[in-house]
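**Student:** Shown below is the structure under consideration.
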Amino acid sequence: MFSGSIVALVTPMQAEGAVDFVALQRLVNFQIDNGTDALVAVGTTGESATLDVEEHMAVVRAVIDTAAGRVPVIAGTGANSTQEAIELTAAAKAAGAQASLLVTPYYNKPTQEGLYQHFKAVATAVDIPIILYNVPGRTAVDMKPDTVARLLDIPNIIGLKEASGSLERNRELIARFAQRLDLLSGDDDLACESILDGFRGVISVTANVAPRKMHEMCVAALKGEHERAHCIDADLRGLHKNLFIESNPIPTKWALQRMGLMPGGIRLPLTPLSSEHEQAVLTAMSQAGIAFA
């Protein structure tokens with residue numbers, strides 16, 4: 001159902017932290033014009049943790065309205081409260097999202113049984129395609145492949161974004177689930193190799209800054225064109241690394257500001273990019289052929 005380069009879209013903000021909906025429209029059009037295959041609205045990169053529910057859904061609706069059916073929109077609707085996740089997912093369906101991305105509940109550290117019951121509850125409550133999202137580095141919980149296997153019986157669970165940082169884990173997922181789930185990398189630095197191995201695509205931070213090249217890399221990798229995929233990915237390696245030189249989305253928002261696409265607002269407890277890291281991000285942008293002021 002989903003494949004290719006799927007951007008984990010930032011939420012642009014004014015200096016004082018208000019969501020900038022004009023810049024959001026600009027970003028959506030920039031992504032679509034440069035080949036991005038689908039958009040994720042208000043995932044982790046979209047600062048979901050610091051948007052209130054009204055803002056969260058306003059951003060989702062704005063992305064859907066601006067995309068206007070040109071590419072699918074996946075709404076980030078995860079929460080560490082199962083009831084809140086159900087409510088957000090129902091609202092995303094009502095808004096017209098094509099799917100929901102549900103992160104493993106963060107901070108409360110559920111058991112594998114708790115993860116199973118959480119996702120089962122959301123998926124049975126809201127009839128919308130659901131992509132599971134495993135990112136243990138940010139949530140302090142790792143959803144094991146055996147738990148994913150238990151969830152396969154729920155028909156609207158259609159994908160998995162895996163951000164464990166392990167090619168070994170990704171290859172296990174391919175062996176077990178490639179025929180049943182859309183497997184999507186959540187690690188930009190592993191995306192090329194993972195797609196060549198059998199993943200369907202990537203939900204990408206790098207695509208915010210280099211959408212055309214991420215799309216072209218995914219196209220090549222999905223075709224099995226190893227040399228071309230690796231060649232394109234080599235130009236993006238600096239971004240894969242340095243867009244995480246401080247917590248995501250700090251460097252990405254700074255880069256997009258330098259590209260003239262949005263103002264530099266970000267919400268506490270995140271702060272603007274430290275000056276000592278600016279040159280590393282600029283060098284990575286140059287290496288990827290990105291123009292900036």
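Here's how to read the names in the structure tokens: chain A, B, ... by the order shown, residue numbers from 1 in each chain, ligand numbers from 1 in the order shown.
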Excluding Phe119 (chain A) and any residue of its chain fewer than 2 positions from it, enumerate the residues within 9 Å of it, using only C-alpha atoms, and give them as a PyMOL selection string.
**Tutor:** chain A and resi 82+102+104+114-117+121-124+132+151+157
**Student:** If you run DSSP over the backbone, which residues in region 52-283 of chain A end up helix (DSSP H, G or I)? Put them as a compact mmCIF listing (two decimals) with C-alpha atoms, in the first residue's frame.
**Tutor:**
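Written output follows (states_8.txt):
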# COMPACT_ATOMS: atom_id res chain seq x y z
CA VAL A 53 -4.77 17.91 20.34
CA GLU A 54 -6.42 20.85 18.56
CA GLU A 55 -3.13 21.91 16.94
CA HIS A 56 -2.27 18.30 16.11
CA MET A 57 -5.45 17.79 14.13
CA ALA A 58 -5.30 21.25 12.55
CA VAL A 59 -1.88 20.36 11.11
CA VAL A 60 -3.14 16.98 9.88
CA ARG A 61 -6.13 18.63 8.17
CA ALA A 62 -3.92 21.32 6.61
CA VAL A 63 -1.56 18.72 5.15
CA ILE A 64 -4.48 16.70 3.77
CA ASP A 65 -6.10 19.80 2.28
CA THR A 66 -2.85 20.99 0.68
CA ALA A 67 -1.94 17.58 -0.67
CA THR A 82 -4.35 4.02 24.47
CA GLN A 83 -7.56 6.04 24.71
CA GLU A 84 -5.83 9.15 23.38
CA ALA A 85 -4.37 7.14 20.50
CA ILE A 86 -7.87 5.87 19.65
CA GLU A 87 -9.28 9.40 19.69
CA LEU A 88 -6.48 10.81 17.53
CA THR A 89 -6.78 7.94 15.08
CA ALA A 90 -10.54 8.39 14.79
CA ALA A 91 -10.04 12.11 14.17
CA ALA A 92 -7.42 11.37 11.50
CA LYS A 93 -9.82 9.04 9.71
CA ALA A 94 -12.56 11.67 9.84
CA ALA A 95 -10.14 14.23 8.41
CA GLN A 112 5.09 -7.11 24.91
CA GLU A 113 1.56 -8.11 25.96
CA GLY A 114 0.80 -4.46 26.67
CA LEU A 115 2.03 -3.47 23.21
CA TYR A 116 -0.13 -6.14 21.62
CA GLN A 117 -3.23 -5.06 23.53
CA HIS A 118 -2.56 -1.37 22.81
CA PHE A 119 -2.31 -1.77 19.05
CA LYS A 120 -5.17 -4.26 18.95
CA ALA A 121 -7.40 -1.80 20.81
CA VAL A 122 -6.66 1.05 18.40
CA ALA A 123 -6.94 -1.06 15.27
CA THR A 124 -10.24 -2.63 16.28
CA ALA A 125 -11.69 0.72 17.38
CA PRO A 136 13.23 2.00 20.97
CA GLY A 137 15.83 4.77 21.12
CA ARG A 138 13.10 7.34 21.74
CA THR A 139 10.41 5.31 23.52
CA PRO A 145 9.08 -9.47 15.93
CA ASP A 146 7.03 -12.08 17.79
CA THR A 147 4.68 -9.31 18.93
CA VAL A 148 4.41 -8.04 15.37
CA ALA A 149 3.53 -11.59 14.31
CA ARG A 150 0.66 -11.68 16.80
CA LEU A 151 -0.74 -8.48 15.29
CA LEU A 167 20.10 -4.31 9.73
CA GLU A 168 20.00 -7.71 11.38
CA ARG A 169 16.56 -6.92 12.81
CA ASN A 170 15.42 -5.56 9.45
CA ARG A 171 16.48 -8.74 7.68
CA GLU A 172 14.59 -10.83 10.21
CA LEU A 173 11.49 -8.74 9.55
CA ILE A 174 11.89 -9.22 5.80
CA ALA A 175 12.18 -12.98 6.19
CA ARG A 176 9.10 -13.15 8.37
CA PHE A 177 6.75 -10.40 7.19
CA ASP A 188 17.72 7.05 6.99
CA ASP A 189 21.23 5.63 7.18
CA LEU A 190 19.93 2.05 6.79
CA ALA A 191 17.19 2.81 4.28
CA CYS A 192 19.10 2.11 1.06
CA GLU A 193 20.40 -1.27 2.19
CA SER A 194 17.08 -2.20 3.78
CA ILE A 195 15.13 -1.46 0.59
CA LEU A 196 17.63 -3.41 -1.51
CA ASP A 197 17.10 -6.30 0.92
CA THR A 206 16.44 13.44 5.29
CA ALA A 207 13.62 13.79 2.75
CA ASN A 208 12.60 17.07 4.38
CA PRO A 211 13.25 15.06 -1.24
CA ARG A 212 14.27 14.55 -4.86
CA LYS A 213 17.37 12.53 -4.08
CA MET A 214 15.60 10.42 -1.45
CA HIS A 215 12.89 9.64 -3.98
CA GLU A 216 15.44 8.77 -6.66
CA MET A 217 17.39 6.55 -4.24
CA CYS A 218 14.20 4.68 -3.33
CA VAL A 219 13.23 4.22 -6.97
CA ALA A 220 16.64 2.76 -7.77
CA ALA A 221 16.68 0.50 -4.71
CA LEU A 222 13.15 -0.79 -5.37
CA HIS A 226 22.36 -1.52 -6.38
CA GLU A 227 25.09 0.66 -7.86
CA ARG A 228 22.79 3.61 -8.66
CA ALA A 229 21.05 3.41 -5.28
CA HIS A 230 24.35 3.35 -3.42
CA CYS A 231 25.70 6.22 -5.52
CA ILE A 232 22.74 8.47 -4.72
CA ASP A 233 22.80 7.44 -1.08
CA ALA A 234 26.49 8.35 -0.83
CA ASP A 235 25.58 12.00 -1.51
CA LEU A 236 23.05 11.84 1.33
CA ARG A 237 25.26 10.23 3.97
CA GLY A 238 26.20 13.55 5.52
CA LEU A 239 22.55 14.48 5.94
CA HIS A 240 21.67 11.05 7.35
CA LYS A 241 24.28 11.68 10.03
CA ASN A 242 24.19 15.41 10.68
CA ILE A 250 16.43 20.58 15.52
CA PRO A 251 18.98 20.33 12.65
CA THR A 252 16.30 19.71 10.02
CA LYS A 253 14.32 22.81 10.94
CA TRP A 254 17.52 24.86 10.89
CA ALA A 255 18.38 23.50 7.42
CA LEU A 256 14.91 24.26 6.07
CA GLN A 257 15.18 27.80 7.39
CA ARG A 258 18.52 28.21 5.56
CA SER A 275 26.21 27.31 16.55
CA GLU A 276 29.06 24.79 16.77
CA HIS A 277 27.02 22.32 14.68
CA GLU A 278 25.94 24.68 11.93
CA GLN A 279 28.92 24.08 9.66
CA ALA A 280 28.50 20.31 9.79
CA VAL A 281 24.90 20.64 8.61
CA LEU A 282 25.85 23.12 5.88
CA THR A 283 28.62 20.80 4.66
**Student:** Write out as a PyMOL selection string all residues of region 30-246 of chain A that backbone DSSP assigns to strand (DSSP E).
**Tutor:** chain A and resi 38-41+73-76+99-103+130-134+157-162+182-185+201-204
**Student:** Pick the closest to Thr36 (chain A) from A:Pro110, A:Gly260, A:Gly201, A:Gly186: which is it, counting only C-alpha atoms?
**Tutor:**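 Of A:Pro110, A:Gly260, A:Gly201, A:Gly186, the one nearest Thr36 (chain A), counting only C-alpha atoms, is A:Gly201.
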**Student:** Could you tell me which of A:Asn156, A:Thr44, A:Ser164, A:Ser286 comes closest to Met143 (chain A) if we count only C-alpha atoms?
**Tutor:**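 Comparing A:Asn156, A:Thr44, A:Ser164, A:Ser286 against Met143 (chain A), the winner is A:Ser164.
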**Student:** Check the smallest atom-to-atom distance from each of A:Leu39, A:Leu183, A:Ala99, A:Ile266 to Glu16 (chain A) using only C-alpha atoms, then report the winner.
**Tutor:** A:Ile266
